[in-house]
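Engineer: Sending over data-v2.cif (mmCIF, N, CA and C atoms).
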```cif
data_entry
#
loop_
_atom_site.label_atom_id
_atom_site.label_comp_id
_atom_site.auth_asym_id
_atom_site.auth_seq_id
_atom_site.Cartn_x
_atom_site.Cartn_y
_atom_site.Cartn_z
N MET A 66 82.38 -73.56 88.85
CA MET A 66 82.10 -72.26 88.36
C MET A 66 81.88 -72.25 86.86
N SER A 67 82.54 -73.16 86.17
CA SER A 67 82.36 -73.22 84.73
C SER A 67 80.95 -73.70 84.40
N GLU A 68 80.36 -74.50 85.28
CA GLU A 68 78.98 -74.94 85.03
C GLU A 68 78.03 -73.76 85.10
N VAL A 69 78.26 -72.86 86.01
CA VAL A 69 77.40 -71.67 86.15
C VAL A 69 77.54 -70.80 84.92
N LEU A 70 78.79 -70.67 84.43
CA LEU A 70 78.99 -69.87 83.22
C LEU A 70 78.33 -70.53 82.01
N GLU A 71 78.37 -71.83 81.92
CA GLU A 71 77.72 -72.53 80.80
C GLU A 71 76.21 -72.33 80.86
N ILE A 72 75.64 -72.46 82.08
CA ILE A 72 74.19 -72.28 82.24
C ILE A 72 73.81 -70.82 81.91
N ALA A 73 74.61 -69.87 82.36
CA ALA A 73 74.33 -68.46 82.09
C ALA A 73 74.44 -68.18 80.60
N LEU A 74 75.44 -68.77 79.93
CA LEU A 74 75.61 -68.60 78.49
C LEU A 74 74.46 -69.23 77.73
N ILE A 75 74.00 -70.39 78.16
CA ILE A 75 72.85 -71.05 77.51
C ILE A 75 71.60 -70.20 77.70
N LEU A 76 71.36 -69.68 78.90
CA LEU A 76 70.20 -68.83 79.16
C LEU A 76 70.27 -67.54 78.33
N LEU A 77 71.49 -67.01 78.20
CA LEU A 77 71.66 -65.80 77.39
C LEU A 77 71.35 -66.08 75.93
N VAL A 78 71.80 -67.20 75.41
CA VAL A 78 71.52 -67.57 74.01
C VAL A 78 70.03 -67.81 73.82
N ILE A 79 69.39 -68.50 74.75
CA ILE A 79 67.94 -68.75 74.65
C ILE A 79 67.18 -67.43 74.70
N THR A 80 67.57 -66.53 75.59
CA THR A 80 66.92 -65.22 75.70
C THR A 80 67.09 -64.43 74.41
N LEU A 81 68.31 -64.46 73.83
CA LEU A 81 68.54 -63.75 72.58
C LEU A 81 67.71 -64.34 71.43
N ILE A 82 67.58 -65.67 71.39
CA ILE A 82 66.77 -66.32 70.35
C ILE A 82 65.30 -65.90 70.50
N VAL A 83 64.78 -65.91 71.73
CA VAL A 83 63.39 -65.53 71.98
C VAL A 83 63.18 -64.06 71.61
N MET A 84 64.13 -63.21 72.00
CA MET A 84 64.01 -61.78 71.66
C MET A 84 64.06 -61.58 70.14
N PHE A 85 64.90 -62.33 69.45
CA PHE A 85 64.99 -62.23 68.00
C PHE A 85 63.67 -62.65 67.35
N ILE A 86 63.06 -63.72 67.87
CA ILE A 86 61.77 -64.17 67.33
C ILE A 86 60.70 -63.09 67.54
N PHE A 87 60.64 -62.53 68.76
CA PHE A 87 59.66 -61.48 69.02
C PHE A 87 59.94 -60.22 68.19
N ALA A 88 61.21 -59.86 68.03
CA ALA A 88 61.56 -58.70 67.23
C ALA A 88 61.18 -58.91 65.76
N THR A 89 61.38 -60.12 65.25
CA THR A 89 61.01 -60.44 63.87
C THR A 89 59.50 -60.34 63.70
N LYS A 90 58.73 -60.90 64.64
CA LYS A 90 57.28 -60.81 64.58
C LYS A 90 56.83 -59.36 64.67
N LEU A 91 57.48 -58.59 65.53
CA LEU A 91 57.15 -57.17 65.66
C LEU A 91 57.41 -56.43 64.34
N LEU A 92 58.50 -56.73 63.67
CA LEU A 92 58.79 -56.09 62.39
C LEU A 92 57.76 -56.46 61.33
N PHE A 93 57.32 -57.72 61.30
CA PHE A 93 56.27 -58.13 60.35
C PHE A 93 54.96 -57.39 60.64
N ASP A 94 54.60 -57.29 61.91
CA ASP A 94 53.37 -56.58 62.28
C ASP A 94 53.45 -55.09 61.92
N ILE A 95 54.61 -54.49 62.17
CA ILE A 95 54.79 -53.08 61.81
C ILE A 95 54.71 -52.90 60.29
N SER A 96 55.27 -53.83 59.55
CA SER A 96 55.21 -53.77 58.09
C SER A 96 53.76 -53.84 57.60
N LYS A 97 52.96 -54.75 58.19
CA LYS A 97 51.55 -54.84 57.83
C LYS A 97 50.81 -53.55 58.19
N LEU A 98 51.13 -53.00 59.35
CA LEU A 98 50.50 -51.77 59.78
C LEU A 98 50.81 -50.62 58.81
N VAL A 99 52.05 -50.52 58.40
CA VAL A 99 52.45 -49.46 57.47
C VAL A 99 51.74 -49.64 56.13
N LYS A 100 51.62 -50.88 55.65
CA LYS A 100 50.91 -51.13 54.39
C LYS A 100 49.44 -50.74 54.51
N ASN A 101 48.82 -51.11 55.64
CA ASN A 101 47.41 -50.75 55.86
C ASN A 101 47.23 -49.24 55.95
N LEU A 102 48.15 -48.58 56.63
CA LEU A 102 48.07 -47.11 56.71
C LEU A 102 48.24 -46.48 55.33
N ASP A 103 49.13 -47.04 54.53
CA ASP A 103 49.33 -46.52 53.17
C ASP A 103 48.07 -46.71 52.33
N ASN A 104 47.46 -47.88 52.43
CA ASN A 104 46.21 -48.14 51.69
C ASN A 104 45.10 -47.21 52.17
N SER A 105 45.00 -47.04 53.48
CA SER A 105 43.97 -46.16 54.04
C SER A 105 44.18 -44.72 53.59
N SER A 106 45.42 -44.27 53.63
CA SER A 106 45.68 -42.89 53.23
C SER A 106 45.43 -42.67 51.74
N SER A 107 45.76 -43.65 50.90
CA SER A 107 45.48 -43.49 49.47
C SER A 107 43.98 -43.53 49.20
N SER A 108 43.25 -44.38 49.91
CA SER A 108 41.79 -44.40 49.77
C SER A 108 41.18 -43.09 50.22
N LEU A 109 41.66 -42.58 51.34
CA LEU A 109 41.17 -41.31 51.84
C LEU A 109 41.48 -40.18 50.87
N ARG A 110 42.68 -40.18 50.32
CA ARG A 110 43.06 -39.16 49.35
C ARG A 110 42.15 -39.20 48.12
N ASN A 111 41.87 -40.42 47.61
CA ASN A 111 40.99 -40.55 46.45
C ASN A 111 39.58 -40.05 46.77
N GLU A 112 39.08 -40.41 47.94
CA GLU A 112 37.73 -39.97 48.32
C GLU A 112 37.68 -38.46 48.51
N LEU A 113 38.73 -37.90 49.11
CA LEU A 113 38.76 -36.46 49.30
C LEU A 113 38.85 -35.72 47.97
N GLU A 114 39.59 -36.26 47.02
CA GLU A 114 39.67 -35.64 45.69
C GLU A 114 38.30 -35.62 45.04
N LEU A 115 37.57 -36.75 45.14
CA LEU A 115 36.23 -36.80 44.56
C LEU A 115 35.30 -35.82 45.27
N THR A 116 35.41 -35.76 46.59
CA THR A 116 34.56 -34.84 47.35
C THR A 116 34.87 -33.39 46.98
N ILE A 117 36.13 -33.07 46.84
CA ILE A 117 36.52 -31.70 46.47
C ILE A 117 36.00 -31.36 45.07
N LYS A 118 36.07 -32.32 44.15
CA LYS A 118 35.53 -32.08 42.81
C LYS A 118 34.03 -31.83 42.86
N GLU A 119 33.31 -32.62 43.67
CA GLU A 119 31.87 -32.42 43.79
C GLU A 119 31.55 -31.08 44.43
N ILE A 120 32.34 -30.68 45.41
CA ILE A 120 32.13 -29.38 46.05
C ILE A 120 32.37 -28.26 45.04
N ASN A 121 33.40 -28.40 44.22
CA ASN A 121 33.67 -27.38 43.20
C ASN A 121 32.52 -27.28 42.20
N VAL A 122 31.98 -28.42 41.79
CA VAL A 122 30.84 -28.40 40.87
C VAL A 122 29.64 -27.73 41.54
N GLY A 123 29.41 -28.05 42.81
CA GLY A 123 28.31 -27.43 43.54
C GLY A 123 28.48 -25.93 43.66
N ILE A 124 29.68 -25.49 43.95
CA ILE A 124 29.94 -24.06 44.06
C ILE A 124 29.73 -23.36 42.72
N LYS A 125 30.18 -24.01 41.63
CA LYS A 125 29.96 -23.41 40.30
C LYS A 125 28.47 -23.31 40.00
N ASN A 126 27.70 -24.35 40.37
CA ASN A 126 26.25 -24.30 40.14
C ASN A 126 25.60 -23.19 40.96
N ILE A 127 26.03 -23.06 42.21
CA ILE A 127 25.47 -22.01 43.06
C ILE A 127 25.82 -20.63 42.50
N ASN A 128 27.05 -20.47 42.03
CA ASN A 128 27.46 -19.19 41.45
C ASN A 128 26.65 -18.87 40.20
N SER A 129 26.40 -19.89 39.37
CA SER A 129 25.60 -19.63 38.17
C SER A 129 24.16 -19.30 38.53
N LEU A 130 23.63 -19.93 39.59
CA LEU A 130 22.26 -19.61 40.01
C LEU A 130 22.16 -18.21 40.57
N THR A 131 23.18 -17.79 41.31
CA THR A 131 23.13 -16.44 41.88
C THR A 131 23.44 -15.39 40.83
N ALA A 132 24.16 -15.76 39.78
CA ALA A 132 24.48 -14.78 38.74
C ALA A 132 23.24 -14.46 37.91
N LYS A 133 22.40 -15.45 37.66
CA LYS A 133 21.20 -15.22 36.84
C LYS A 133 20.23 -14.26 37.52
N PRO A 134 19.89 -14.44 38.80
CA PRO A 134 18.98 -13.47 39.42
C PRO A 134 19.57 -12.07 39.50
N SER A 135 20.86 -11.94 39.73
CA SER A 135 21.43 -10.60 39.80
C SER A 135 21.36 -9.94 38.44
N PHE A 136 21.57 -10.71 37.37
CA PHE A 136 21.43 -10.16 36.02
C PHE A 136 19.99 -9.74 35.78
N LYS A 137 19.05 -10.58 36.20
CA LYS A 137 17.63 -10.25 36.04
C LYS A 137 17.25 -9.06 36.90
N MET A 138 17.83 -8.96 38.09
CA MET A 138 17.54 -7.81 38.94
C MET A 138 18.06 -6.52 38.31
N ASN A 139 19.21 -6.60 37.66
CA ASN A 139 19.74 -5.42 36.98
C ASN A 139 18.80 -4.97 35.86
N ILE A 140 18.29 -5.93 35.09
CA ILE A 140 17.35 -5.61 34.02
C ILE A 140 16.07 -5.02 34.63
N LEU A 141 15.58 -5.64 35.71
CA LEU A 141 14.35 -5.15 36.35
C LEU A 141 14.55 -3.74 36.91
N SER A 142 15.69 -3.49 37.51
CA SER A 142 15.93 -2.15 38.06
C SER A 142 16.00 -1.12 36.94
N LYS A 143 16.60 -1.49 35.79
CA LYS A 143 16.63 -0.56 34.65
C LYS A 143 15.22 -0.30 34.13
N LEU A 144 14.41 -1.35 34.07
CA LEU A 144 13.03 -1.18 33.61
C LEU A 144 12.25 -0.30 34.57
N LEU A 145 12.40 -0.54 35.87
CA LEU A 145 11.70 0.28 36.86
C LEU A 145 12.17 1.73 36.82
N THR A 146 13.46 1.92 36.64
CA THR A 146 13.99 3.28 36.55
C THR A 146 13.41 4.00 35.35
N SER A 147 13.38 3.32 34.21
CA SER A 147 12.81 3.96 33.02
C SER A 147 11.31 4.18 33.20
N ALA A 148 10.61 3.24 33.83
CA ALA A 148 9.17 3.41 34.06
C ALA A 148 8.92 4.57 35.02
N LEU A 149 9.73 4.68 36.06
CA LEU A 149 9.57 5.79 36.99
C LEU A 149 9.88 7.13 36.33
N SER A 150 10.89 7.15 35.48
CA SER A 150 11.21 8.41 34.80
C SER A 150 10.08 8.78 33.84
N LEU A 151 9.48 7.78 33.18
CA LEU A 151 8.34 8.06 32.30
C LEU A 151 7.14 8.54 33.11
N SER A 152 6.90 7.90 34.25
CA SER A 152 5.76 8.32 35.07
C SER A 152 6.00 9.71 35.66
N THR A 153 7.25 10.01 36.02
CA THR A 153 7.57 11.35 36.51
C THR A 153 7.35 12.37 35.40
N LEU A 154 7.76 12.03 34.20
CA LEU A 154 7.55 12.91 33.05
C LEU A 154 6.06 13.10 32.81
N GLY A 155 5.29 12.03 32.93
CA GLY A 155 3.84 12.11 32.76
C GLY A 155 3.19 12.96 33.84
N VAL A 156 3.65 12.82 35.07
CA VAL A 156 3.09 13.61 36.17
C VAL A 156 3.40 15.08 35.95
N CYS A 157 4.63 15.37 35.53
CA CYS A 157 4.99 16.76 35.26
C CYS A 157 4.12 17.33 34.14
N ALA A 158 3.92 16.55 33.09
CA ALA A 158 3.08 17.01 31.97
C ALA A 158 1.64 17.18 32.45
N PHE A 159 1.15 16.26 33.26
CA PHE A 159 -0.22 16.36 33.77
C PHE A 159 -0.37 17.58 34.67
N LYS A 160 0.67 17.85 35.48
CA LYS A 160 0.63 19.00 36.37
C LYS A 160 0.57 20.28 35.55
N THR A 161 1.39 20.34 34.52
CA THR A 161 1.38 21.52 33.66
C THR A 161 0.04 21.67 32.97
N MET A 162 -0.47 20.55 32.45
CA MET A 162 -1.73 20.57 31.75
C MET A 162 -2.88 20.90 32.70
N SER A 163 -2.82 20.30 33.91
CA SER A 163 -3.90 20.57 34.86
C SER A 163 -3.85 22.01 35.35
N GLY A 164 -2.63 22.56 35.45
CA GLY A 164 -2.50 23.97 35.82
C GLY A 164 -3.13 24.86 34.76
N GLY A 165 -2.90 24.53 33.51
CA GLY A 165 -3.51 25.29 32.42
C GLY A 165 -5.01 25.12 32.40
N LEU A 166 -5.48 23.90 32.64
CA LEU A 166 -6.92 23.65 32.66
C LEU A 166 -7.58 24.37 33.82
N THR A 167 -6.92 24.34 34.97
CA THR A 167 -7.49 25.01 36.14
C THR A 167 -7.58 26.51 35.92
N SER A 168 -6.51 27.09 35.41
CA SER A 168 -6.55 28.55 35.17
C SER A 168 -7.58 28.89 34.11
N GLY A 169 -7.70 28.05 33.09
CA GLY A 169 -8.72 28.28 32.05
C GLY A 169 -10.11 28.16 32.63
N PHE A 170 -10.32 27.18 33.48
CA PHE A 170 -11.64 26.99 34.09
C PHE A 170 -12.00 28.17 34.99
N LEU A 171 -11.02 28.62 35.79
CA LEU A 171 -11.27 29.76 36.67
C LEU A 171 -11.54 31.02 35.87
N THR A 172 -10.83 31.21 34.78
CA THR A 172 -11.07 32.38 33.93
C THR A 172 -12.46 32.32 33.33
N GLY A 173 -12.84 31.12 32.87
CA GLY A 173 -14.19 30.96 32.32
C GLY A 173 -15.25 31.18 33.37
N LEU A 174 -15.01 30.72 34.58
CA LEU A 174 -15.98 30.88 35.68
C LEU A 174 -16.12 32.36 36.05
N LYS A 175 -15.02 33.08 36.06
CA LYS A 175 -15.06 34.50 36.37
C LYS A 175 -15.87 35.26 35.29
N MET A 176 -15.66 34.88 34.04
CA MET A 176 -16.40 35.52 32.96
C MET A 176 -17.88 35.21 33.06
N PHE A 177 -18.16 33.97 33.41
CA PHE A 177 -19.56 33.56 33.54
C PHE A 177 -20.22 34.30 34.70
N MET A 178 -19.48 34.53 35.78
CA MET A 178 -20.02 35.20 36.94
C MET A 178 -20.28 36.69 36.67
N LYS A 179 -19.47 37.28 35.81
CA LYS A 179 -19.65 38.69 35.47
C LYS A 179 -20.93 38.90 34.68
N LYS A 180 -21.32 37.97 33.89
CA LYS A 180 -22.49 38.14 33.03
C LYS A 180 -23.69 37.84 33.82
#
```
Could I get this file's structure written as structure tokens?

Structural biologist:
Amino acid sequence: MSEVLEIALILLVITLIVMFIFATKLLFDISKLVKNLDNSSSSLRNELELTIKEINVGIKNINSLTAKPSFKMNILSKLLTSALSLSTLGVCAFKTMSGGLTSGFLTGLKMFMKK
């Protein structure tokens, strides 16, 4: 019976040694994996920071481009408003003047017809 216990003890020690070797290799592989993940995440973070900076620059450029036309549109609308008010004033003056001319012409025509 002691021989069976010796063989079982030897098998147990061999199994523990093999498991220790595999566990050690597993820990080394996990360590490499963690280092690679850390490098990948730092690279990704750097690339994302650069991308975000480029997006911010693009957004600022787009905002500046849209601000210029709106400023120009405001100036154009003010010019059109003033031009329309001037043309309205001109039409009113023309209407008044044409009313006076028409009444004068009709009065002259009536006088001419009487003679």

Engineer: When you draw a straight line from atom N of Ile72 in chain A to atom N of Met84 in chain A, how long is it in Å?

Structural biologist: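 Calculated distance between atom N of Ile72 in chain A and atom N of Met84 in chain A is 17.9 Å.
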
Engineer: What does the distance from atom C of Leu77 in chain A to atom C of Leu92 in chain A come to in Å, to one decimal?

Structural biologist: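 The value is 22.1 Å.
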
Engineer: For the atom pair atom C of Ile86 in chain A and atom N of Leu98 in chain A, what is the interatomic distance in Å to one decimal place?

Structural biologist: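 According to the coordinates, atom C of Ile86 in chain A and atom N of Leu98 in chain A are separated by 16.1 Å.
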